[in-house]
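Below: coords27.cif (mmCIF, C-alpha atoms)
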data_my_file
loop_
_atom_site.group_PDB
_atom_site.id
_atom_site.type_symbol
_atom_site.label_atom_id
_atom_site.label_comp_id
_atom_site.auth_asym_id
_atom_site.auth_seq_id
_atom_site.Cartn_x
_atom_site.Cartn_y
_atom_site.Cartn_z
ATOM 1 C CA SER A 1 -7.295 21.279 16.890
ATOM 2 C CA SER A 2 -10.935 20.510 16.000
ATOM 3 C CA TYR A 3 -12.647 17.211 15.240
ATOM 4 C CA ALA A 4 -15.875 18.893 14.158
ATOM 5 C CA PHE A 5 -15.539 17.226 10.750
ATOM 6 C CA ALA A 6 -15.970 13.796 12.397
ATOM 7 C CA ARG A 7 -19.489 14.460 13.675
ATOM 8 C CA ALA A 8 -21.106 13.303 10.455
ATOM 9 C CA LEU A 9 -19.015 10.142 10.127
ATOM 10 C CA ARG A 10 -20.630 6.771 10.721
ATOM 11 C CA ASP A 11 -17.310 4.965 11.130
ATOM 12 C CA VAL A 12 -13.581 5.353 10.517
ATOM 13 C CA PRO A 13 -11.033 2.763 9.298
ATOM 14 C CA ILE A 14 -8.393 1.592 11.740
ATOM 15 C CA VAL A 15 -5.250 -0.499 11.195
ATOM 16 C CA LEU A 16 -3.468 -3.244 13.122
ATOM 17 C CA ALA A 17 -0.819 -0.808 14.351
ATOM 18 C CA GLU A 18 -3.467 0.889 16.510
ATOM 19 C CA LEU A 19 -5.670 -2.133 17.189
ATOM 20 C CA GLU A 20 -5.413 -2.383 20.970
ATOM 21 C CA PRO A 21 -5.924 1.313 21.836
ATOM 22 C CA ALA A 22 -8.763 1.525 19.310
ATOM 23 C CA ALA A 23 -10.473 -1.594 20.683
ATOM 24 C CA SER A 24 -10.104 -0.251 24.218
ATOM 25 C CA ALA A 25 -12.065 2.875 23.314
ATOM 26 C CA LEU A 26 -14.434 2.137 20.430
ATOM 27 C CA PRO A 27 -16.588 -0.725 19.084
ATOM 28 C CA LEU A 28 -14.965 -2.313 16.035
ATOM 29 C CA ALA A 29 -16.601 -3.963 13.039
ATOM 30 C CA PHE A 30 -15.615 -5.496 9.716
ATOM 31 C CA ARG A 31 -16.764 -4.187 6.371
ATOM 32 C CA GLU A 32 -16.283 -5.546 2.863
ATOM 33 C CA THR A 33 -15.218 -2.977 0.274
ATOM 34 C CA PRO A 34 -14.136 -3.164 -3.382
ATOM 35 C CA SER A 35 -10.535 -3.129 -2.102
ATOM 36 C CA GLY A 36 -11.159 -5.997 0.313
ATOM 37 C CA TRP A 37 -12.094 -6.407 3.946
ATOM 38 C CA GLU A 38 -11.357 -3.548 6.326
ATOM 39 C CA VAL A 39 -11.766 -2.883 10.035
ATOM 40 C CA VAL A 40 -13.664 0.194 11.170
ATOM 41 C CA ALA A 41 -14.363 1.862 14.485
ATOM 42 C CA LEU A 42 -18.039 2.731 14.880
ATOM 43 C CA LEU A 43 -18.598 6.374 15.815
ATOM 44 C CA GLY A 44 -22.276 5.843 16.537
ATOM 45 C CA LEU A 45 -24.861 3.071 16.555
ATOM 46 C CA SER A 46 -27.548 4.996 14.705
ATOM 47 C CA PRO A 47 -28.150 8.480 13.306
ATOM 48 C CA ALA A 48 -29.359 9.490 16.773
ATOM 49 C CA THR A 49 -26.012 8.629 18.381
ATOM 50 C CA ARG A 50 -23.735 9.844 15.597
ATOM 51 C CA GLY A 51 -21.407 12.613 16.708
ATOM 52 C CA ILE A 52 -21.307 11.667 20.399
ATOM 53 C CA PHE A 53 -17.508 11.511 20.392
ATOM 54 C CA VAL A 54 -17.158 15.199 19.525
ATOM 55 C CA THR A 55 -17.999 18.050 21.900
ATOM 56 C CA PRO A 56 -19.679 21.266 20.700
ATOM 57 C CA SER A 57 -16.241 22.937 20.704
ATOM 58 C CA GLY A 58 -14.746 20.209 18.485
ATOM 59 C CA THR A 59 -12.838 18.360 21.225
ATOM 60 C CA TRP A 60 -12.634 14.566 20.985
ATOM 61 C CA ARG A 61 -14.518 12.890 23.854
ATOM 62 C CA GLY A 62 -12.997 9.434 23.572
ATOM 63 C CA THR A 63 -9.842 8.079 25.190
ATOM 64 C CA TYR A 64 -8.270 7.282 21.815
ATOM 65 C CA VAL A 65 -8.427 9.148 18.513
ATOM 66 C CA PRO A 66 -8.129 6.878 15.440
ATOM 67 C CA SER A 67 -5.091 7.828 13.384
ATOM 68 C CA ALA A 68 -7.211 8.375 10.268
ATOM 69 C CA LEU A 69 -8.997 11.212 12.072
ATOM 70 C CA ARG A 70 -5.742 12.763 13.238
ATOM 71 C CA ALA A 71 -4.521 12.827 9.645
ATOM 72 C CA TYR A 72 -7.523 14.755 8.313
ATOM 73 C CA PRO A 73 -7.863 16.176 5.678
ATOM 74 C CA PHE A 74 -5.355 13.705 4.198
ATOM 75 C CA VAL A 75 -5.883 10.039 3.386
ATOM 76 C CA ALA A 76 -3.740 7.471 1.576
ATOM 77 C CA ASP A 77 -5.527 5.501 -1.135
ATOM 78 C CA ASP A 78 -3.811 2.172 -1.843
ATOM 79 C CA SER A 79 -6.507 0.739 -4.084
ATOM 80 C CA GLY A 80 -4.517 1.269 -7.298
ATOM 81 C CA ALA A 81 -3.445 -1.708 -9.382
ATOM 82 C CA ASP A 82 0.237 -0.777 -9.152
ATOM 83 C CA GLY A 83 0.301 -1.215 -5.373
ATOM 84 C CA GLN A 84 1.446 2.361 -4.825
ATOM 85 C CA ALA A 85 -0.511 4.530 -2.421
ATOM 86 C CA THR A 86 -1.739 7.934 -3.526
ATOM 87 C CA LEU A 87 -1.958 10.798 -1.064
ATOM 88 C CA MET A 88 -5.446 12.307 -1.259
ATOM 89 C CA ILE A 89 -6.942 15.394 0.357
ATOM 90 C CA ASP A 90 -10.530 16.367 1.146
ATOM 91 C CA GLU A 91 -11.096 19.431 -1.019
ATOM 92 C CA ALA A 92 -14.317 20.210 0.873
ATOM 93 C CA SER A 93 -12.446 20.590 4.168
ATOM 94 C CA ASP A 94 -12.037 24.384 3.858
ATOM 95 C CA LEU A 95 -8.358 23.823 4.667
ATOM 96 C CA ILE A 96 -7.074 24.374 1.116
ATOM 97 C CA THR A 97 -6.442 27.921 -0.099
ATOM 98 C CA ASP A 98 -4.860 29.758 -3.007
ATOM 99 C CA ASP A 99 -3.135 32.213 -0.657
ATOM 100 C CA PRO A 100 0.637 32.164 -1.386
ATOM 101 C CA GLY A 101 1.210 33.114 2.238
ATOM 102 C CA ASP A 102 -0.209 29.815 3.479
ATOM 103 C CA GLU A 103 1.721 26.555 3.831
ATOM 104 C CA PRO A 104 2.630 25.288 0.339
ATOM 105 C CA PHE A 105 2.331 21.690 -0.807
ATOM 106 C CA PHE A 106 5.428 21.954 -3.008
ATOM 107 C CA ASP A 107 8.607 24.014 -3.046
ATOM 108 C CA ASP A 108 10.042 25.993 -5.958
ATOM 109 C CA ALA A 109 11.641 22.819 -7.345
ATOM 110 C CA ALA A 110 8.227 21.080 -7.463
ATOM 111 C CA GLN A 111 9.239 18.785 -4.600
ATOM 112 C CA PRO A 112 7.045 18.160 -1.537
ATOM 113 C CA SER A 113 7.440 20.922 1.014
ATOM 114 C CA GLU A 114 8.812 20.058 4.448
ATOM 115 C CA ALA A 115 5.291 19.959 5.881
ATOM 116 C CA LEU A 116 3.937 17.714 3.147
ATOM 117 C CA ALA A 117 6.996 15.459 3.409
ATOM 118 C CA GLN A 118 6.138 14.885 7.070
ATOM 119 C CA VAL A 119 2.600 13.937 6.106
ATOM 120 C CA ILE A 120 3.951 11.422 3.582
ATOM 121 C CA THR A 121 6.339 10.028 6.200
ATOM 122 C CA PHE A 122 3.411 9.509 8.568
ATOM 123 C CA PHE A 123 1.339 7.651 6.002
ATOM 124 C CA ARG A 124 3.997 5.193 4.822
ATOM 125 C CA PRO A 125 3.917 2.898 7.901
ATOM 126 C CA ARG A 126 0.169 3.414 8.299
ATOM 127 C CA THR A 127 -0.448 2.324 4.711
ATOM 128 C CA ALA A 128 1.720 -0.756 5.241
ATOM 129 C CA SER A 129 -0.324 -1.584 8.335
ATOM 130 C CA GLN A 130 -3.525 -1.024 6.379
ATOM 131 C CA ILE A 131 -2.457 -3.728 3.927
ATOM 132 C CA GLU A 132 -1.687 -6.087 6.833
ATOM 133 C CA THR A 133 -5.083 -5.314 8.346
ATOM 134 C CA ARG A 134 -6.840 -6.163 5.105
ATOM 135 C CA ARG A 135 -4.917 -9.434 4.925
ATOM 136 C CA ALA A 136 -5.843 -10.383 8.510
ATOM 137 C CA ALA A 137 -9.514 -9.496 8.057
ATOM 138 C CA THR A 138 -9.638 -11.467 4.804
ATOM 139 C CA ALA A 139 -8.174 -14.489 6.595
ATOM 140 C CA LEU A 140 -11.016 -14.349 9.130
ATOM 141 C CA ALA A 141 -13.607 -14.088 6.371
ATOM 142 C CA GLU A 142 -12.122 -17.012 4.464
ATOM 143 C CA ALA A 143 -12.073 -19.083 7.668
ATOM 144 C CA GLY A 144 -15.837 -18.605 7.887
ATOM 145 C CA ILE A 145 -15.902 -16.891 11.265
ATOM 146 C CA LEU A 146 -17.342 -13.521 10.239
ATOM 147 C CA THR A 147 -21.090 -13.096 10.454
ATOM 148 C CA ALA A 148 -23.423 -10.277 9.477
ATOM 149 C CA TRP A 149 -23.880 -7.833 12.331
ATOM 150 C CA THR A 150 -26.959 -8.563 14.456
ATOM 151 C CA PRO A 151 -28.749 -5.311 15.373
ATOM 152 C CA SER A 152 -28.630 -4.613 19.100
ATOM 153 C CA HIS A 153 -28.586 -1.742 21.578
ATOM 154 C CA GLY A 154 -31.186 0.207 19.640
ATOM 155 C CA MET A 155 -29.687 -0.388 16.207
ATOM 156 C CA SER A 156 -32.075 -1.011 13.327
ATOM 157 C CA ALA A 157 -31.466 -3.479 10.512
ATOM 158 C CA GLU A 158 -30.509 -0.496 8.350
ATOM 159 C CA ASP A 159 -28.006 0.719 10.956
ATOM 160 C CA ALA A 160 -26.332 -2.705 11.036
ATOM 161 C CA ALA A 161 -26.344 -3.273 7.278
ATOM 162 C CA GLY A 162 -22.887 -3.761 5.807
ATOM 163 C CA TYR A 163 -21.150 -4.491 9.100
ATOM 164 C CA TRP A 164 -19.778 -7.861 10.159
ATOM 165 C CA SER A 165 -18.579 -9.283 13.454
ATOM 166 C CA VAL A 166 -16.655 -12.313 14.664
ATOM 167 C CA ASP A 167 -18.865 -15.328 15.311
ATOM 168 C CA GLN A 168 -17.555 -16.485 18.669
ATOM 169 C CA ALA A 169 -19.033 -19.973 18.344
ATOM 170 C CA ALA A 170 -17.484 -20.444 14.896
ATOM 171 C CA LEU A 171 -14.133 -19.222 16.230
ATOM 172 C CA ALA A 172 -14.271 -21.672 19.130
ATOM 173 C CA ALA A 173 -15.089 -24.519 16.736
ATOM 174 C CA LEU A 174 -11.969 -24.050 14.601
ATOM 175 C CA SER A 175 -9.428 -26.846 14.655
ATOM 176 C CA GLY A 176 -5.961 -26.381 16.064
ATOM 177 C CA ASP A 177 -4.503 -26.348 12.567
ATOM 178 C CA ALA A 178 -6.950 -23.672 11.449
ATOM 179 C CA LEU A 179 -6.144 -21.528 14.478
ATOM 180 C CA ALA A 180 -2.439 -21.926 13.858
ATOM 181 C CA ALA A 181 -2.905 -20.799 10.252
ATOM 182 C CA LEU A 182 -4.599 -17.598 11.415
ATOM 183 C CA TRP A 183 -1.895 -16.636 13.884
ATOM 184 C CA PRO A 184 0.912 -15.318 11.609
ATOM 185 C CA SER A 185 -1.258 -12.696 9.907
ATOM 186 C CA GLY A 186 -2.529 -11.238 13.190
ATOM 187 C CA ALA A 187 -6.018 -12.505 12.425
ATOM 188 C CA LEU A 188 -6.538 -14.107 15.865
ATOM 189 C CA ARG A 189 -5.388 -10.930 17.587
ATOM 190 C CA LEU A 190 -7.826 -8.999 15.430
ATOM 191 C CA ALA A 191 -10.693 -11.376 16.172
ATOM 192 C CA GLN A 192 -10.213 -11.230 19.939
ATOM 193 C CA SER A 193 -9.856 -7.449 19.957
ATOM 194 C CA GLN A 194 -13.043 -7.051 17.942
ATOM 195 C CA LEU A 195 -15.002 -9.248 20.341
ATOM 196 C CA VAL A 196 -13.727 -7.301 23.349
ATOM 197 C CA SER A 197 -14.550 -3.984 21.680
ATOM 198 C CA LEU A 198 -18.241 -4.929 21.466
ATOM 199 C CA HIS A 199 -18.597 -4.146 25.169
ATOM 200 C CA HIS A 200 -18.543 -0.443 24.220
ATOM 201 C CA LEU A 201 -21.960 -0.812 22.596
ATOM 202 C CA GLY A 202 -23.643 -0.739 26.005
ATOM 203 C CA TRP A 203 -22.341 2.592 27.192
ATOM 204 C CA ILE A 204 -23.000 4.232 23.829
ATOM 205 C CA ALA A 205 -26.606 3.016 24.024
ATOM 206 C CA ARG A 206 -26.900 4.236 27.622
ATOM 207 C CA PHE A 207 -25.541 7.611 26.572
ATOM 208 C CA ALA A 208 -28.285 7.864 23.961
ATOM 209 C CA ALA A 209 -30.975 6.651 26.381
ATOM 210 C CA SER A 210 -29.948 9.248 28.971
ATOM 211 C CA GLY A 211 -31.256 11.976 26.713
ATOM 212 C CA ALA A 212 -27.869 13.464 25.950
ATOM 213 C CA GLN A 213 -27.883 15.057 22.533
ATOM 214 C CA PRO A 214 -25.091 14.676 20.005
ATOM 215 C CA ALA A 215 -23.197 17.891 19.407
ATOM 216 C CA GLN A 216 -24.352 19.880 16.406
ATOM 217 C CA PRO A 217 -21.848 21.106 13.818
ATOM 218 C CA ARG A 218 -20.779 24.716 14.121
ATOM 219 C CA PRO A 219 -20.236 26.713 10.937
ATOM 220 C CA ASN A 220 -16.607 27.566 10.284
ATOM 221 C CA ALA A 221 -15.358 25.582 13.281
ATOM 222 C CA PRO A 222 -11.678 26.292 13.960
ATOM 223 C CA THR A 223 -9.329 23.691 12.574
ATOM 224 C CA GLY A 224 -5.940 24.981 13.692
ATOM 225 C CA ASP A 225 -2.776 25.660 11.724
ATOM 226 C CA ILE A 226 -0.173 23.449 10.090
ATOM 227 C CA ALA A 227 1.856 23.249 13.314
ATOM 228 C CA SER A 228 -1.129 21.810 15.185
ATOM 229 C CA PHE A 229 -1.741 19.358 12.372
ATOM 230 C CA LEU A 230 1.856 18.147 12.288
ATOM 231 C CA SER A 231 1.822 17.814 16.073
ATOM 232 C CA ALA A 232 -1.251 15.570 15.775
ATOM 233 C CA LEU A 233 0.475 13.486 13.124
ATOM 234 C CA SER A 234 3.513 13.132 15.341
ATOM 235 C CA ASP A 235 1.372 11.981 18.277
ATOM 236 C CA ALA A 236 -0.445 9.466 16.076
ATOM 237 C CA GLN A 237 2.771 8.079 14.658
ATOM 238 C CA ALA A 238 4.323 7.747 18.116
ATOM 239 C CA ALA A 239 1.248 5.853 19.322
ATOM 240 C CA GLU A 240 1.473 3.440 16.395
ATOM 241 C CA LEU A 241 5.186 2.841 16.789
ATOM 242 C CA ASP A 242 4.655 2.000 20.458
ATOM 243 C CA GLN A 243 2.449 -0.947 19.490
#
Mind turning the file's structure into structure tokens?
Amino acid sequence: SSYAFARALRDVPIVLAELEPAASALPLAFRETPSGWEVVALLGLSPATRGIFVTPSGTWRGTYVPSALRAYPFVADDSGADGQATLMIDEASDLITDDPGDEPFFDDAAQPSEALAQVITFFRPRTASQIETRRAATALAEAGILTAWTPSHGMSAEDAAGYWSVDQAALAALSGDALAALWPSGALRLAQSQLVSLHHLGWIARFAASGAQPAQPRPNAPTGDIASFLSALSDAQAAELDQ
């Protein structure tokens, strides 16, 4: 029920299953990681604009909430060599307790509790889409149409460091065969969505120039109970399955 934790985030990974709604609400960028290329939604253009998507009460300001934020404090790590994803949890989230009266992770038979099983069910299709996203982004990089992000809209070179964008001229110069090769992986869909998403940079910059201040974190901001969390997961999963 609170997105206060997202105020400090610079970006958040998104997957192909949520590409269109994410691109319609947030600027997207590419980033190279040890696990490969990923797509992220920028949550601010600089430290001065970070946190603008969260109100002082913890409400999300945007028209779409990336699924990775809805799943907090859980994340699925698929970087292991065996190809199996591992469910991780942010131990600094203040959402983990030793109180036996709280929602357990496991039942008496050491099996995932009903609540945790629902979390796992949510992450399975998202993790599969994450792998597809990495494959599509890698295809764009290998085609030579990703370029280092050019600072704009008040961004400094440091703000832009590590981010990449589609080079529209390089994309337009690709041969028909090269374009056809990018189609099956969803790479062309990803490239076009990323270019469209760049139009959000303007309003974020105008928001900052207007003098509006990013919301400041509140200590012990409410985060809701397990029912609210599972409801958010359900909404996120429904949005992805609709794509």
Task: Hits from the PyMOL selection byres ((chain A and resi 61) around 12), listed as a PyMOL selection string - done: chain A and resi 2-4+6-7+25-26+43+51-60+62-65+214-215
Open item on the list: Excluding Leu179 in chain A and its own-chain neighbours fewer than 5 positions away, which residues fall within 9 Å of it when counting all atoms listed in the file? Please give them as number ranges by chain.
Closed with: A: 171, 174, 188
- [ ] Taking the file as shown, find all residues satisfying the PyMOL selection byres ((chain A and resi 23) around 10) and write them as number ranges by chain.
- [x] A: 14, 18-22, 24-28, 41, 64, 190, 192-200
File of the preceding selection, C-alpha atoms, as a PDB file, in the coordinates of the input:
ATOM      1  CA  ILE A  14      -8.393   1.592  11.740  1.00  0.00           C
ATOM      2  CA  GLU A  18      -3.467   0.889  16.510  1.00  0.00           C
ATOM      3  CA  LEU A  19      -5.670  -2.133  17.189  1.00  0.00           C
ATOM      4  CA  GLU A  20      -5.413  -2.383  20.970  1.00  0.00           C
ATOM      5  CA  PRO A  21      -5.924   1.313  21.836  1.00  0.00           C
ATOM      6  CA  ALA A  22      -8.763   1.525  19.310  1.00  0.00           C
ATOM      7  CA  SER A  24     -10.104  -0.251  24.218  1.00  0.00           C
ATOM      8  CA  ALA A  25     -12.065   2.875  23.314  1.00  0.00           C
ATOM      9  CA  LEU A  26     -14.434   2.137  20.430  1.00  0.00           C
ATOM     10  CA  PRO A  27     -16.588  -0.725  19.084  1.00  0.00           C
ATOM     11  CA  LEU A  28     -14.965  -2.313  16.035  1.00  0.00           C
ATOM     12  CA  ALA A  41     -14.363   1.862  14.485  1.00  0.00           C
ATOM     13  CA  TYR A  64      -8.270   7.282  21.815  1.00  0.00           C
ATOM     14  CA  LEU A 190      -7.826  -8.999  15.430  1.00  0.00           C
ATOM     15  CA  GLN A 192     -10.213 -11.230  19.939  1.00  0.00           C
ATOM     16  CA  SER A 193      -9.856  -7.449  19.957  1.00  0.00           C
ATOM     17  CA  GLN A 194     -13.043  -7.051  17.942  1.00  0.00           C
ATOM     18  CA  LEU A 195     -15.002  -9.248  20.341  1.00  0.00           C
ATOM     19  CA  VAL A 196     -13.727  -7.301  23.349  1.00  0.00           C
ATOM     20  CA  SER A 197     -14.550  -3.984  21.680  1.00  0.00           C
ATOM     21  CA  LEU A 198     -18.241  -4.929  21.466  1.00  0.00           C
ATOM     22  CA  HIS A 199     -18.597  -4.146  25.169  1.00  0.00           C
ATOM     23  CA  HIS A 200     -18.543  -0.443  24.220  1.00  0.00           C
TER      24      HIS A 200
END
TODO: Would you kindly return, as a list of chain:residue names, each protein, DNA or RNA residue with an atom no farther than 8 Å from any atom of Trp149 in chain A, considering only C-alpha atoms and excluding same-chain residues fewer than 6 positions away?
DONE: A:Ala160, A:Ala161, A:Gly162, A:Tyr163, A:Trp164, A:Ser165
TODO: Figure out the distance between CA of Pro184 in chain A and CA of Asp11 in chain A, please, to one decimal in Å.
DONE: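 Distance reported for this atom pair: 27.3 Å.
The residue that comes closest to Gly144 in chain A, out of A:Ala29, A:Leu182, A:Ala205, A:Val119 and on the basis of all atoms listed in the file, is A:Leu182.
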TODO: Using the chain letters and residue numbers of this document, give as a VMD selection string the residues selected by the PyMOL selection byres ((chain A and resi 153) around 12).
DONE: chain A and resid 44 to 46 49 150 to 152 154 to 157 159 to 160 198 to 209
Task: Nearest-residue call for Trp183 in chain A, choices A:Ala137, A:Ala169, A:Ala68, A:Ala76, using only C-alpha atoms - done: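 Looking only at the distances to Trp183 in chain A, the closest residue turns out to be A:Ala137.
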- [ ] Figure out the distance between CA of Pro34 in chain A and CA of Thr133 in chain A, please, to one decimal in Å.
- [x]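 So the two atoms, CA of Thr133 in chain A and CA of Pro34 in chain A, lie 15.0 Å apart.
Our summary of the geometry notes that CA of Val12 in chain A is positioned 12.2 Å from CA of Arg50 in chain A.
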- [ ] Find the spatial neighbours of Leu87 in chain A, counting only C-alpha atoms, within a cut-off of 9 Å - ignore same-chain residues fewer than 4 positions away - and output them as a PyMOL selection string.
- [x] chain A and resi 74-78+120+123
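Closest to Ala48 in chain A among A:Ile96, A:Ala148, A:Ala8, A:Leu116 is A:Ala8, based on all atoms listed in the file.
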